[in-house]
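Everything below concerns the one structure shown next.
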Protein chains: 2
Amino acid sequence: MLSTRGFEGLTLRAVAAEMGASTGLLTHYFPSKKALVAHALEVLDRRSLARPRRLAPAEGEPPPEGLARLRAALLDVLPLDGPGRAGNRIWVGSWDVALADPELAGAHAARYARARGLLTECVEAARRLGELPAGPPADEVAAAAQAFVLGLVVQALFAPAEFPARRQTGLLDDYLARLVAGGDGDRHAGGHGGGSSA
Amino acid sequence: MLSTRGFEGLTLRAVAAEMGASTGLLTHYFPSKKALVAHALEVLDRRSLARPRRLAPAEGEPPPEGLARLRAALLDVLPLDGPGRAGNRIWVGSWDVALADPELAGAHAARYARARGLLTECVEAARRLGELPAGPPADEVAAAAQAFVLGLVVQALFAPAEFPARRQTGLLDDYLARLVAGGDGDRHAGGHGGGSSA
């Protein structure tokens with residue numbers, strides 16, 4: 001229900017009806033819509049962690065590291081298939097409720113900070129492996145990469161026909177190729193710092 | 001109200017109370033919550049277009065073009081100040097309702113497509129001016145830049161202390177510097193295409 005009607009359509013009554021339970025029983029476990037929302041997001045979090053992930057190595061192969069791991073972690077966020085779209089639709093839909101509630105907002109902020117922490121590790125590893133050049137602090141690179149995929153999620157949810165999986169992956173690979181190429185030494189974009197390397 | 005309680009808290013009754021009008025009167029103009037939401041977004045759209053924008057030239061100066069216009073258009077999206085935060089909070093909050101409704105979703109998709117059109121023009125102009133190197137199609141560069149700022153909006157709304165205006169601007173300038181430097185000729189990030197230019 002959340003993946004089609006959103007949090008807007010999430011009422012204790014609707015959930016009870018869907019479960020074939022009484023509203024009274026449901027209210028016993030979830031005294032408020034907020035408690036229900038928090039629970040729904042926790043379930044989604046656990047389900048996301050449990051599903052087969054691109055981060056997991058194929059059988060017999062070593063786990064990806066460095067740049068390959070960074071790419072896998074970022075791909076993992078994108079709505080590349082049905083479950084990816086449904087899960088992302090719920091996350092994006094939860095932002096309205098979460099921004100109106102300090103506790104839920106804090107939980108979201110902590111999730112994104114954790115994810116940035118993982119991305120930061122990947123960037124640092126990629127630099128140690130010589131796959132990424134030195135440049136801005138690794139956590140800045142991680143924050144930028146996270147912004148990029150979050151925004152791509154939103155674009156792809158609103159215009160799925162314009163942003164099929166292939167295009168999303170291509171955009172991400174372009175993004176990573178720019179990281180690989182470096183070129184952030186000239187921080188001021190107005191400064192004509194570039195050659196034409198492409 | 002929308003910028004604090006979100007669409008979740010938007011009810012005809014609450015709006016009527018805030019306006020000092022009767023629910024009956026409000027229902028006369030907005031027969032459904034959806035009609036109210038659509039109207040709220042239109043008002044916000046008009047207000048965004050009317051406010052002093054970074055795209056507008058300072059007095060006596062020529063309007064920005066090319067890369068400077070691209071930067072101004074992207075900066076204009078970010079929650080760099082109070083009104084920017086309030087407006088963005090409403091936009092982000094509207095995604096839940098909009099994704100549940102094909103008509104509202106279509107209106108949002110059209111808005112983002114228009115914005116990508118403007119960004120595409122900027123990229124093309126910047127290339128003509130020699131400010132940006134050749135590379136992927138201009139509309140791909142525009143889509144990627146839009147993804148980047150949309151995701152940065154979300155990050156900044158959830159973690160305002162971590163993403164003050166200065167950091168948002170710095171991240172955007174890093175992003176633009178990478179565009180200026182090019183380096184997307186090697187599309188596969190796994191391909192060790194980079195030097196260390198930074």
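Naming scheme: A, B, ... for chains in displayed order of the structure tokens; residues 1 onward per chain; ligands 1 onward as shown.
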Non-local contacts of Ser3 of chain A (7 Å; only C-alpha atoms; under 6 positions in same chain excluded) as a list in words: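 The residues satisfying every condition are Ala86, Arg89 and Ile90 of chain A.
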Filtering to N, CA, C and O atoms, could you give me those residues as a compact mmCIF listing (two decimals), in the first residue's frame?
# COMPACT_ATOMS: atom_id res chain seq x y z
N ALA A 86 9.80 0.25 -5.82
CA ALA A 86 8.83 0.23 -4.72
C ALA A 86 9.47 0.73 -3.42
O ALA A 86 8.90 1.55 -2.70
N ARG A 89 10.16 4.45 -3.64
CA ARG A 89 8.93 5.23 -3.58
C ARG A 89 8.51 5.43 -2.11
O ARG A 89 8.03 6.49 -1.71
N ILE A 90 8.73 4.39 -1.32
CA ILE A 90 8.40 4.50 0.11
C ILE A 90 9.35 5.47 0.81
O ILE A 90 8.93 6.35 1.57
Run DSSP on the backbone and give me the residues of segment 8-139 of chain B it puts in alpha helix (DSSP H), as a VMD selection string. chain B and resid 12 to 19 23 to 29 33 to 50 66 to 75 82 to 99 102 to 128 138 to 139
Let's have the selection written as a PDB file, in the first residue's frame, with C-alpha atoms.
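So the final result, stored in out10.pdb, reads:
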ATOM      1  CA  LEU B  12      -9.100  21.299   4.453  1.00  0.00           C
ATOM      2  CA  ARG B  13     -10.098  21.847   8.059  1.00  0.00           C
ATOM      3  CA  ALA B  14      -6.626  23.007   9.117  1.00  0.00           C
ATOM      4  CA  VAL B  15      -6.352  25.365   6.160  1.00  0.00           C
ATOM      5  CA  ALA B  16      -9.820  26.783   6.835  1.00  0.00           C
ATOM      6  CA  ALA B  17      -8.879  27.348  10.473  1.00  0.00           C
ATOM      7  CA  GLU B  18      -5.653  29.096   9.476  1.00  0.00           C
ATOM      8  CA  MET B  19      -7.524  31.334   7.032  1.00  0.00           C
ATOM      9  CA  THR B  23     -14.615  24.533   5.859  1.00  0.00           C
ATOM     10  CA  GLY B  24     -17.702  24.879   3.677  1.00  0.00           C
ATOM     11  CA  LEU B  25     -16.367  27.991   1.964  1.00  0.00           C
ATOM     12  CA  LEU B  26     -12.984  26.377   1.368  1.00  0.00           C
ATOM     13  CA  THR B  27     -14.618  23.238   0.001  1.00  0.00           C
ATOM     14  CA  HIS B  28     -16.453  25.440  -2.470  1.00  0.00           C
ATOM     15  CA  TYR B  29     -13.125  26.434  -4.027  1.00  0.00           C
ATOM     16  CA  LYS B  33      -7.369  17.776  -0.868  1.00  0.00           C
ATOM     17  CA  LYS B  34      -5.795  17.080  -4.236  1.00  0.00           C
ATOM     18  CA  ALA B  35      -7.193  20.329  -5.647  1.00  0.00           C
ATOM     19  CA  LEU B  36      -5.782  22.157  -2.629  1.00  0.00           C
ATOM     20  CA  VAL B  37      -2.384  20.519  -3.085  1.00  0.00           C
ATOM     21  CA  ALA B  38      -2.306  21.358  -6.803  1.00  0.00           C
ATOM     22  CA  HIS B  39      -3.177  24.970  -5.982  1.00  0.00           C
ATOM     23  CA  ALA B  40      -0.548  25.196  -3.246  1.00  0.00           C
ATOM     24  CA  LEU B  41       2.114  23.968  -5.672  1.00  0.00           C
ATOM     25  CA  GLU B  42       1.044  26.433  -8.348  1.00  0.00           C
ATOM     26  CA  VAL B  43       1.247  29.305  -5.863  1.00  0.00           C
ATOM     27  CA  LEU B  44       4.700  28.127  -4.810  1.00  0.00           C
ATOM     28  CA  ASP B  45       5.753  27.879  -8.450  1.00  0.00           C
ATOM     29  CA  ARG B  46       4.626  31.450  -9.135  1.00  0.00           C
ATOM     30  CA  ARG B  47       6.272  32.695  -5.966  1.00  0.00           C
ATOM     31  CA  SER B  48       9.531  30.982  -6.915  1.00  0.00           C
ATOM     32  CA  LEU B  49       9.441  32.567 -10.341  1.00  0.00           C
ATOM     33  CA  ALA B  50       8.679  35.997  -8.881  1.00  0.00           C
ATOM     34  CA  GLY B  66      26.951  29.833 -20.268  1.00  0.00           C
ATOM     35  CA  LEU B  67      28.668  28.350 -17.238  1.00  0.00           C
ATOM     36  CA  ALA B  68      27.818  31.307 -14.973  1.00  0.00           C
ATOM     37  CA  ARG B  69      24.146  30.898 -15.861  1.00  0.00           C
ATOM     38  CA  LEU B  70      24.328  27.164 -15.250  1.00  0.00           C
ATOM     39  CA  ARG B  71      25.829  27.837 -11.813  1.00  0.00           C
ATOM     40  CA  ALA B  72      23.186  30.477 -11.033  1.00  0.00           C
ATOM     41  CA  ALA B  73      20.352  28.169 -12.072  1.00  0.00           C
ATOM     42  CA  LEU B  74      21.674  25.326  -9.913  1.00  0.00           C
ATOM     43  CA  LEU B  75      22.356  27.595  -6.914  1.00  0.00           C
ATOM     44  CA  GLY B  82      15.271  30.684   5.060  1.00  0.00           C
ATOM     45  CA  PRO B  83      12.906  31.113   2.102  1.00  0.00           C
ATOM     46  CA  GLY B  84      14.932  28.570   0.118  1.00  0.00           C
ATOM     47  CA  ARG B  85      14.588  26.056   2.943  1.00  0.00           C
ATOM     48  CA  ALA B  86      10.852  26.673   3.384  1.00  0.00           C
ATOM     49  CA  GLY B  87      10.170  26.390  -0.337  1.00  0.00           C
ATOM     50  CA  ASN B  88      12.237  23.246  -0.707  1.00  0.00           C
ATOM     51  CA  ARG B  89      10.636  21.675   2.318  1.00  0.00           C
ATOM     52  CA  ILE B  90       7.278  22.100   0.566  1.00  0.00           C
ATOM     53  CA  TRP B  91       8.543  20.691  -2.736  1.00  0.00           C
ATOM     54  CA  VAL B  92      10.162  17.673  -1.112  1.00  0.00           C
ATOM     55  CA  GLY B  93       7.049  17.184   1.005  1.00  0.00           C
ATOM     56  CA  SER B  94       4.858  17.238  -2.075  1.00  0.00           C
ATOM     57  CA  TRP B  95       6.607  14.224  -3.610  1.00  0.00           C
ATOM     58  CA  ASP B  96       4.685  11.733  -1.466  1.00  0.00           C
ATOM     59  CA  VAL B  97       1.276  13.073  -2.489  1.00  0.00           C
ATOM     60  CA  ALA B  98       2.383  13.617  -6.080  1.00  0.00           C
ATOM     61  CA  LEU B  99       3.751  10.096  -6.561  1.00  0.00           C
ATOM     62  CA  PRO B 102      -0.787  10.449 -11.850  1.00  0.00           C
ATOM     63  CA  GLU B 103      -1.942  14.004 -12.557  1.00  0.00           C
ATOM     64  CA  LEU B 104       0.188  15.631  -9.860  1.00  0.00           C
ATOM     65  CA  ALA B 105       3.092  13.334 -10.773  1.00  0.00           C
ATOM     66  CA  GLY B 106       2.791  14.425 -14.399  1.00  0.00           C
ATOM     67  CA  ALA B 107       2.846  18.090 -13.393  1.00  0.00           C
ATOM     68  CA  HIS B 108       5.996  17.505 -11.337  1.00  0.00           C
ATOM     69  CA  ALA B 109       7.640  15.526 -14.134  1.00  0.00           C
ATOM     70  CA  ALA B 110       6.848  18.388 -16.544  1.00  0.00           C
ATOM     71  CA  ARG B 111       8.359  20.934 -14.130  1.00  0.00           C
ATOM     72  CA  TYR B 112      11.579  18.941 -13.834  1.00  0.00           C
ATOM     73  CA  ALA B 113      11.716  18.397 -17.604  1.00  0.00           C
ATOM     74  CA  ARG B 114      11.381  22.163 -18.154  1.00  0.00           C
ATOM     75  CA  ALA B 115      14.160  22.817 -15.665  1.00  0.00           C
ATOM     76  CA  ARG B 116      16.365  20.258 -17.447  1.00  0.00           C
ATOM     77  CA  GLY B 117      15.631  22.069 -20.688  1.00  0.00           C
ATOM     78  CA  LEU B 118      16.974  25.315 -19.233  1.00  0.00           C
ATOM     79  CA  LEU B 119      20.055  23.542 -17.865  1.00  0.00           C
ATOM     80  CA  THR B 120      20.634  21.893 -21.247  1.00  0.00           C
ATOM     81  CA  GLU B 121      20.632  25.323 -22.916  1.00  0.00           C
ATOM     82  CA  CYS B 122      23.182  26.540 -20.386  1.00  0.00           C
ATOM     83  CA  VAL B 123      25.449  23.546 -21.052  1.00  0.00           C
ATOM     84  CA  GLU B 124      25.219  24.087 -24.819  1.00  0.00           C
ATOM     85  CA  ALA B 125      25.986  27.786 -24.418  1.00  0.00           C
ATOM     86  CA  ALA B 126      28.926  27.034 -22.114  1.00  0.00           C
ATOM     87  CA  ARG B 127      30.314  24.667 -24.742  1.00  0.00           C
ATOM     88  CA  ARG B 128      29.935  27.262 -27.473  1.00  0.00           C
ATOM     89  CA  ALA B 138      24.167  18.185 -23.153  1.00  0.00           C
ATOM     90  CA  ASP B 139      20.862  16.815 -21.878  1.00  0.00           C
TER      91      ASP B 139
END
Could you check the closest approach to chain A for each of B:Ala21, B:Ala161, B:Leu152, B:Val77 and tell me which residue wins, using only C-alpha atoms? B:Leu152
Looking at only C-alpha atoms, which of B:Glu140, B:Asp76, B:Asp81, B:Glu65 is the one that sits closest to chain A? B:Glu140
One number please: atom CA of Leu2 of chain A to atom CA of Thr11 of chain B, in Å, one decimal. 19.6 Å
